[in-house]
>>> print(open('upload35.cif').read())   # mmCIF, C-alpha atoms and all ligand atoms
data_run
#
loop_
_atom_site.label_atom_id
_atom_site.label_comp_id
_atom_site.auth_asym_id
_atom_site.auth_seq_id
_atom_site.Cartn_x
_atom_site.Cartn_y
_atom_site.Cartn_z
CA MET V 48 72.75 134.31 97.86
CA VAL V 49 69.24 135.65 98.38
CA LYS V 50 67.27 134.79 101.48
CA GLU V 51 63.52 135.16 101.49
CA GLU V 52 62.32 136.31 104.89
CA ARG V 53 58.98 137.15 106.44
CA PHE V 54 57.84 139.65 108.97
CA VAL V 55 55.25 138.21 111.36
CA CYS V 56 52.67 140.66 112.53
CA PRO V 57 50.62 139.15 115.35
CA TYR V 58 47.31 140.70 116.38
CA LYS V 59 44.00 139.67 117.88
CA VAL V 60 40.52 140.27 116.53
CA TYR V 61 37.60 140.68 118.91
CA ASP V 62 34.07 140.54 117.51
CA ARG V 63 32.61 142.88 120.11
CA GLU V 64 33.68 145.52 122.64
CA ASP V 65 32.38 143.48 125.59
CA GLU V 66 34.95 140.77 124.81
CA LEU V 67 37.77 143.21 125.64
CA ALA V 68 39.09 143.60 129.18
CA PRO V 69 36.82 146.15 130.93
CA GLN V 70 39.40 148.98 130.93
CA ASP V 71 40.15 148.41 127.24
CA ALA V 72 36.42 148.42 126.42
CA GLU V 73 36.15 151.69 128.33
CA LEU V 74 39.11 153.13 126.40
CA MET V 75 37.42 152.25 123.10
CA ARG V 76 34.20 153.83 124.35
CA ARG V 77 36.14 157.04 125.09
CA ALA V 78 37.63 156.95 121.58
CA HIS V 79 34.13 156.69 120.08
CA GLU V 80 33.03 159.59 122.24
CA ALA V 81 36.05 161.64 121.10
CA THR V 82 34.92 161.44 117.45
CA LYS V 83 32.26 163.98 118.46
CA ASN V 84 35.01 166.56 119.04
CA SER V 85 36.59 166.02 115.64
CA TYR V 86 37.00 169.12 113.49
CA ALA V 87 36.99 167.62 110.01
CA PRO V 88 35.04 169.91 107.68
CA TYR V 89 37.24 168.93 104.69
CA SER V 90 37.41 165.13 104.86
CA LYS V 91 34.22 164.64 106.90
CA PHE V 92 36.12 161.70 108.40
CA TYR V 93 35.73 162.00 112.14
CA VAL V 94 38.47 160.23 114.10
CA GLY V 95 38.64 159.72 117.85
CA ALA V 96 41.52 158.38 119.91
CA ALA V 97 41.97 157.68 123.60
CA VAL V 98 45.17 156.83 125.45
CA ARG V 99 45.40 155.28 128.88
CA LEU V 100 48.37 156.19 131.02
CA ALA V 101 50.06 154.03 133.61
CA ASN V 102 48.47 156.22 136.32
CA GLY V 103 45.01 155.25 135.03
CA VAL V 104 44.25 158.64 133.46
CA VAL V 105 42.63 158.61 130.00
CA VAL V 106 43.45 161.42 127.57
CA THR V 107 41.44 161.75 124.37
CA GLY V 108 42.14 163.35 121.01
CA SER V 109 40.29 164.02 117.78
CA ASN V 110 41.54 164.92 114.33
CA VAL V 111 41.80 168.65 113.79
CA GLU V 112 41.88 169.82 110.17
CA ASN V 113 42.87 173.13 108.64
CA ALA V 114 42.21 174.91 105.35
CA ALA V 115 45.95 174.52 104.76
CA TYR V 116 45.56 170.74 104.77
CA PRO V 117 48.98 169.58 106.06
CA SER V 118 48.59 171.83 109.11
CA GLY V 119 45.96 169.50 110.54
CA LEU V 120 46.75 166.60 112.85
CA CYS V 121 45.47 163.05 113.33
CA ALA V 122 43.46 162.10 116.40
CA GLU V 123 46.10 159.64 117.59
CA ARG V 124 48.89 162.21 117.66
CA VAL V 125 46.62 164.81 119.26
CA ALA V 126 45.90 162.29 122.05
CA MET V 127 49.49 161.10 122.50
CA PHE V 128 50.99 164.60 122.44
CA ALA V 129 48.34 165.91 124.83
CA ALA V 130 49.05 163.03 127.22
CA MET V 131 52.81 163.68 127.06
CA ALA V 132 52.35 167.41 127.52
CA GLN V 133 50.03 167.03 130.49
CA TYR V 134 51.68 164.01 132.15
CA PRO V 135 55.38 164.12 131.29
CA GLY V 136 57.25 161.00 132.34
CA VAL V 137 54.11 158.88 132.76
CA ALA V 138 54.04 155.77 130.56
CA LEU V 139 51.32 155.32 127.95
CA GLU V 140 49.99 151.77 128.05
CA ALA V 141 47.15 151.61 125.52
CA LEU V 142 45.65 153.58 122.67
CA ALA V 143 42.21 153.12 121.07
CA VAL V 144 41.25 154.60 117.71
CA THR V 145 38.00 154.73 115.79
CA ALA V 146 36.24 156.86 113.20
CA HIS V 147 32.98 157.55 111.47
CA SER V 148 32.34 159.30 108.22
CA ALA V 149 29.66 161.55 106.81
CA THR V 150 29.85 159.75 103.48
CA LYS V 151 29.94 156.03 104.32
CA THR V 152 29.61 153.49 107.09
CA ILE V 153 32.94 152.40 108.51
CA ASP V 154 32.50 148.83 109.69
CA GLU V 155 36.13 147.72 109.57
CA PRO V 156 38.96 148.77 111.90
CA VAL V 157 40.60 152.12 111.19
CA ALA V 158 44.37 151.61 111.09
CA PRO V 159 46.62 154.47 112.22
CA CYS V 160 48.59 156.28 109.53
CA GLY V 161 52.34 155.83 109.20
CA ALA V 162 53.24 159.12 110.87
CA CYS V 163 51.17 158.20 113.94
CA ARG V 164 52.83 154.78 114.04
CA GLN V 165 56.24 156.44 114.02
CA VAL V 166 55.17 158.54 117.02
CA MET V 167 53.85 155.39 118.73
CA VAL V 168 57.32 153.85 118.36
CA GLU V 169 58.91 156.64 120.36
CA VAL V 170 56.06 156.69 122.89
CA GLU V 171 56.55 152.96 123.45
CA GLN V 172 60.30 153.38 123.88
CA LEU V 173 59.83 156.19 126.37
CA SER V 174 57.17 154.21 128.22
CA LYS V 175 59.49 151.17 128.54
CA GLN V 176 56.51 148.87 128.03
CA PRO V 177 54.53 147.65 125.02
CA LEU V 178 51.87 150.04 123.75
CA ARG V 179 48.62 148.18 123.10
CA VAL V 180 46.88 149.62 120.04
CA MET V 181 43.19 148.89 119.47
CA CYS V 182 41.44 149.81 116.24
CA GLN V 183 37.75 149.74 115.40
CA GLY V 184 35.42 151.26 112.85
CA GLU V 185 32.19 152.94 113.77
CA THR V 186 30.97 149.37 114.29
CA GLY V 187 32.48 145.96 113.69
CA PRO V 188 35.46 144.00 114.94
CA ILE V 189 38.32 145.34 117.03
CA MET V 190 41.93 144.63 116.08
CA VAL V 191 44.34 144.58 118.99
CA PHE V 192 48.11 144.90 118.57
CA ASP V 193 50.07 144.12 121.72
CA GLY V 194 52.97 146.42 120.89
CA ILE V 195 53.90 148.73 118.05
CA GLU V 196 56.26 146.29 116.34
CA SER V 197 53.25 144.41 114.94
CA LEU V 198 52.06 147.60 113.28
CA MET V 199 55.39 149.03 112.27
CA PRO V 200 57.98 146.67 110.82
CA PHE V 201 61.56 147.84 110.28
CA ILE V 202 61.20 150.78 112.60
CA PHE V 203 63.43 153.83 112.28
CA LEU V 204 65.08 154.06 115.68
CA ASP V 205 67.16 156.74 117.35
CA LYS V 206 70.07 154.27 117.43
CA PHE V 207 70.52 154.92 113.69
CA LEU V 208 71.25 158.59 114.34
N1 LIG O 301 43.24 160.76 110.32
C1 LIG O 301 43.41 160.49 111.65
O1 LIG O 301 42.98 161.27 112.51
N2 LIG O 301 44.07 159.37 112.00
C2 LIG O 301 44.59 158.47 111.12
O2 LIG O 301 45.26 157.52 111.52
C3 LIG O 301 44.35 158.63 109.69
C4 LIG O 301 43.73 159.91 109.27
C5 LIG O 301 42.53 161.99 109.96
C6 LIG O 301 43.38 163.01 109.27
C7 LIG O 301 42.35 163.77 108.49
O3 LIG O 301 41.76 164.75 109.34
C8 LIG O 301 41.29 162.74 108.15
O4 LIG O 301 41.50 161.66 109.05
C9 LIG O 301 41.35 162.23 106.73
O5 LIG O 301 42.62 161.79 106.41
#
>>> encode(input="upload35.cif", output="structure tokens")
Amino acid sequence: MVKEERFVCPYKVYDREDELAPQDAELMRRAHEATKNSYAPYSKFYVGAAVRLANGVVVTGSNVENAAYPSGLCAERVAMFAAMAQYPGVALEALAVTAHSATKTIDEPVAPCGACRQVMVEVEQLSKQPLRVMCQGETGPIMVFDGIESLMPFIFLDKFL
């Protein structure tokens, strides 16, 4: 017997930053600011991320590329790893990501890549609370995921090991 099933992926869409809770709007502002620190001479796709920790601290990250392409790292992982390295044991409660490009206007939300989502899974587990992920383009609506499960179905978990 075959059962057809569906994965439900709830998220919210906000038309503007000022509709977010003030600290989430501020986190998105910090992500936009972080795009300025992006080192992306190859893709010219400038990504910024900002994570807010449970102690209120915000840590930002930008994508850092390399002539040996796979050696670079996404903005989200730069931000999450920096936060974990600087504040070990402190939960991460929210992450904002945005980007702009030298070649086109990005007016739809920038969704994190799969590898970053996999890292978010472990960050959320360690944090013992849902990780809110907020995505925006250079302009345009903001997608908000109240926990990584909405972004990452059928997660690979350490329990499989
Ligand atoms: N990039 C990110 O920083 N985050 C993502 O979620 C997707 C892609 C970066 C990696 C690379 O520097 C550039 O964007 C183009 O892929």
>>> closest_atom_pairs(input="upload35.cif", of="chain V", to="ligand LIG 301 (chain O)", cutoff="8 Å", atoms="only C-alpha atoms and all ligand atoms", output="Markdown table")
| residue | atom | partner | partner_atom | distance |
| --- | --- | --- | --- | --- |
| V:Tyr86 | CA | O:LIG301 | O3 | 7.7 |
| V:Ala87 | CA | O:LIG301 | O3 | 5.6 |
| V:Tyr89 | CA | O:LIG301 | O3 | 7.7 |
| V:Ser90 | CA | O:LIG301 | C9 | 5.2 |
| V:Lys91 | CA | O:LIG301 | C8 | 7.4 |
| V:Phe92 | CA | O:LIG301 | C8 | 5.3 |
| V:Tyr93 | CA | O:LIG301 | O4 | 6.6 |
| V:Val94 | CA | O:LIG301 | O1 | 4.9 |
| V:Gly95 | CA | O:LIG301 | O1 | 7.1 |
| V:Ser109 | CA | O:LIG301 | O1 | 6.5 |
| V:Asn110 | CA | O:LIG301 | O1 | 4.3 |
| V:Val111 | CA | O:LIG301 | O3 | 5.9 |
| V:Glu112 | CA | O:LIG301 | O3 | 5.1 |
| V:Gly119 | CA | O:LIG301 | O3 | 6.5 |
| V:Leu120 | CA | O:LIG301 | C6 | 6.1 |
| V:Cys121 | CA | O:LIG301 | O1 | 3.2 |
| V:Ala122 | CA | O:LIG301 | O1 | 4.0 |
| V:Glu123 | CA | O:LIG301 | N2 | 6.0 |
| V:Arg124 | CA | O:LIG301 | O1 | 7.9 |
| V:Val144 | CA | O:LIG301 | O2 | 7.9 |
| V:Val157 | CA | O:LIG301 | O2 | 7.1 |
| V:Ala158 | CA | O:LIG301 | O2 | 6.0 |
| V:Pro159 | CA | O:LIG301 | O2 | 3.4 |
| V:Cys160 | CA | O:LIG301 | O2 | 4.1 |
| V:Gly161 | CA | O:LIG301 | O2 | 7.6 |
| V:Cys163 | CA | O:LIG301 | O2 | 6.4 |
>>> residues_around(input="upload35.cif", residues="Gln172 in chain V", least_positions_apart="6", cutoff="12 Å", atoms="only C-alpha atoms", output="list of chain:residue names")
V:Gly136, V:Ala138, V:Leu139, V:Glu140, V:Gln165, V:Val166, V:Leu178, V:Gly194, V:Ile195, V:Glu196, V:Ile202, V:Leu204, V:Asp205, V:Lys206
>>> residues_around(input="upload35.cif", residues="Val137 in chain V", least_positions_apart="2", cutoff="7 Å", atoms="only C-alpha atoms", output="list in words")
Leu100, Ala101, Tyr134, Pro135 and Leu139 of chain V
>>> closest_residue(input="upload35.cif", among="V:Thr107, V:Asn102, V:Ser85, V:Gln183", to="Thr145 in chain V", atoms="all atoms listed in the file")
V:Gln183
>>> atom_distance(input="upload35.cif", atom1="CA of Thr82 in chain V", atom2="CA of Glu66 in chain V")
21.9 Å
>>> residues_around(input="upload35.cif", residues="Arg76 in chain V", least_positions_apart="2", cutoff="12 Å", atoms="all atoms listed in the file", output="count of residues only")
34
>>> closest_residue(input="upload35.cif", among="V:Ala68, V:Pro200, V:Val104, V:Gln176", to="Gln133 in chain V", atoms="all atoms listed in the file")
V:Val104
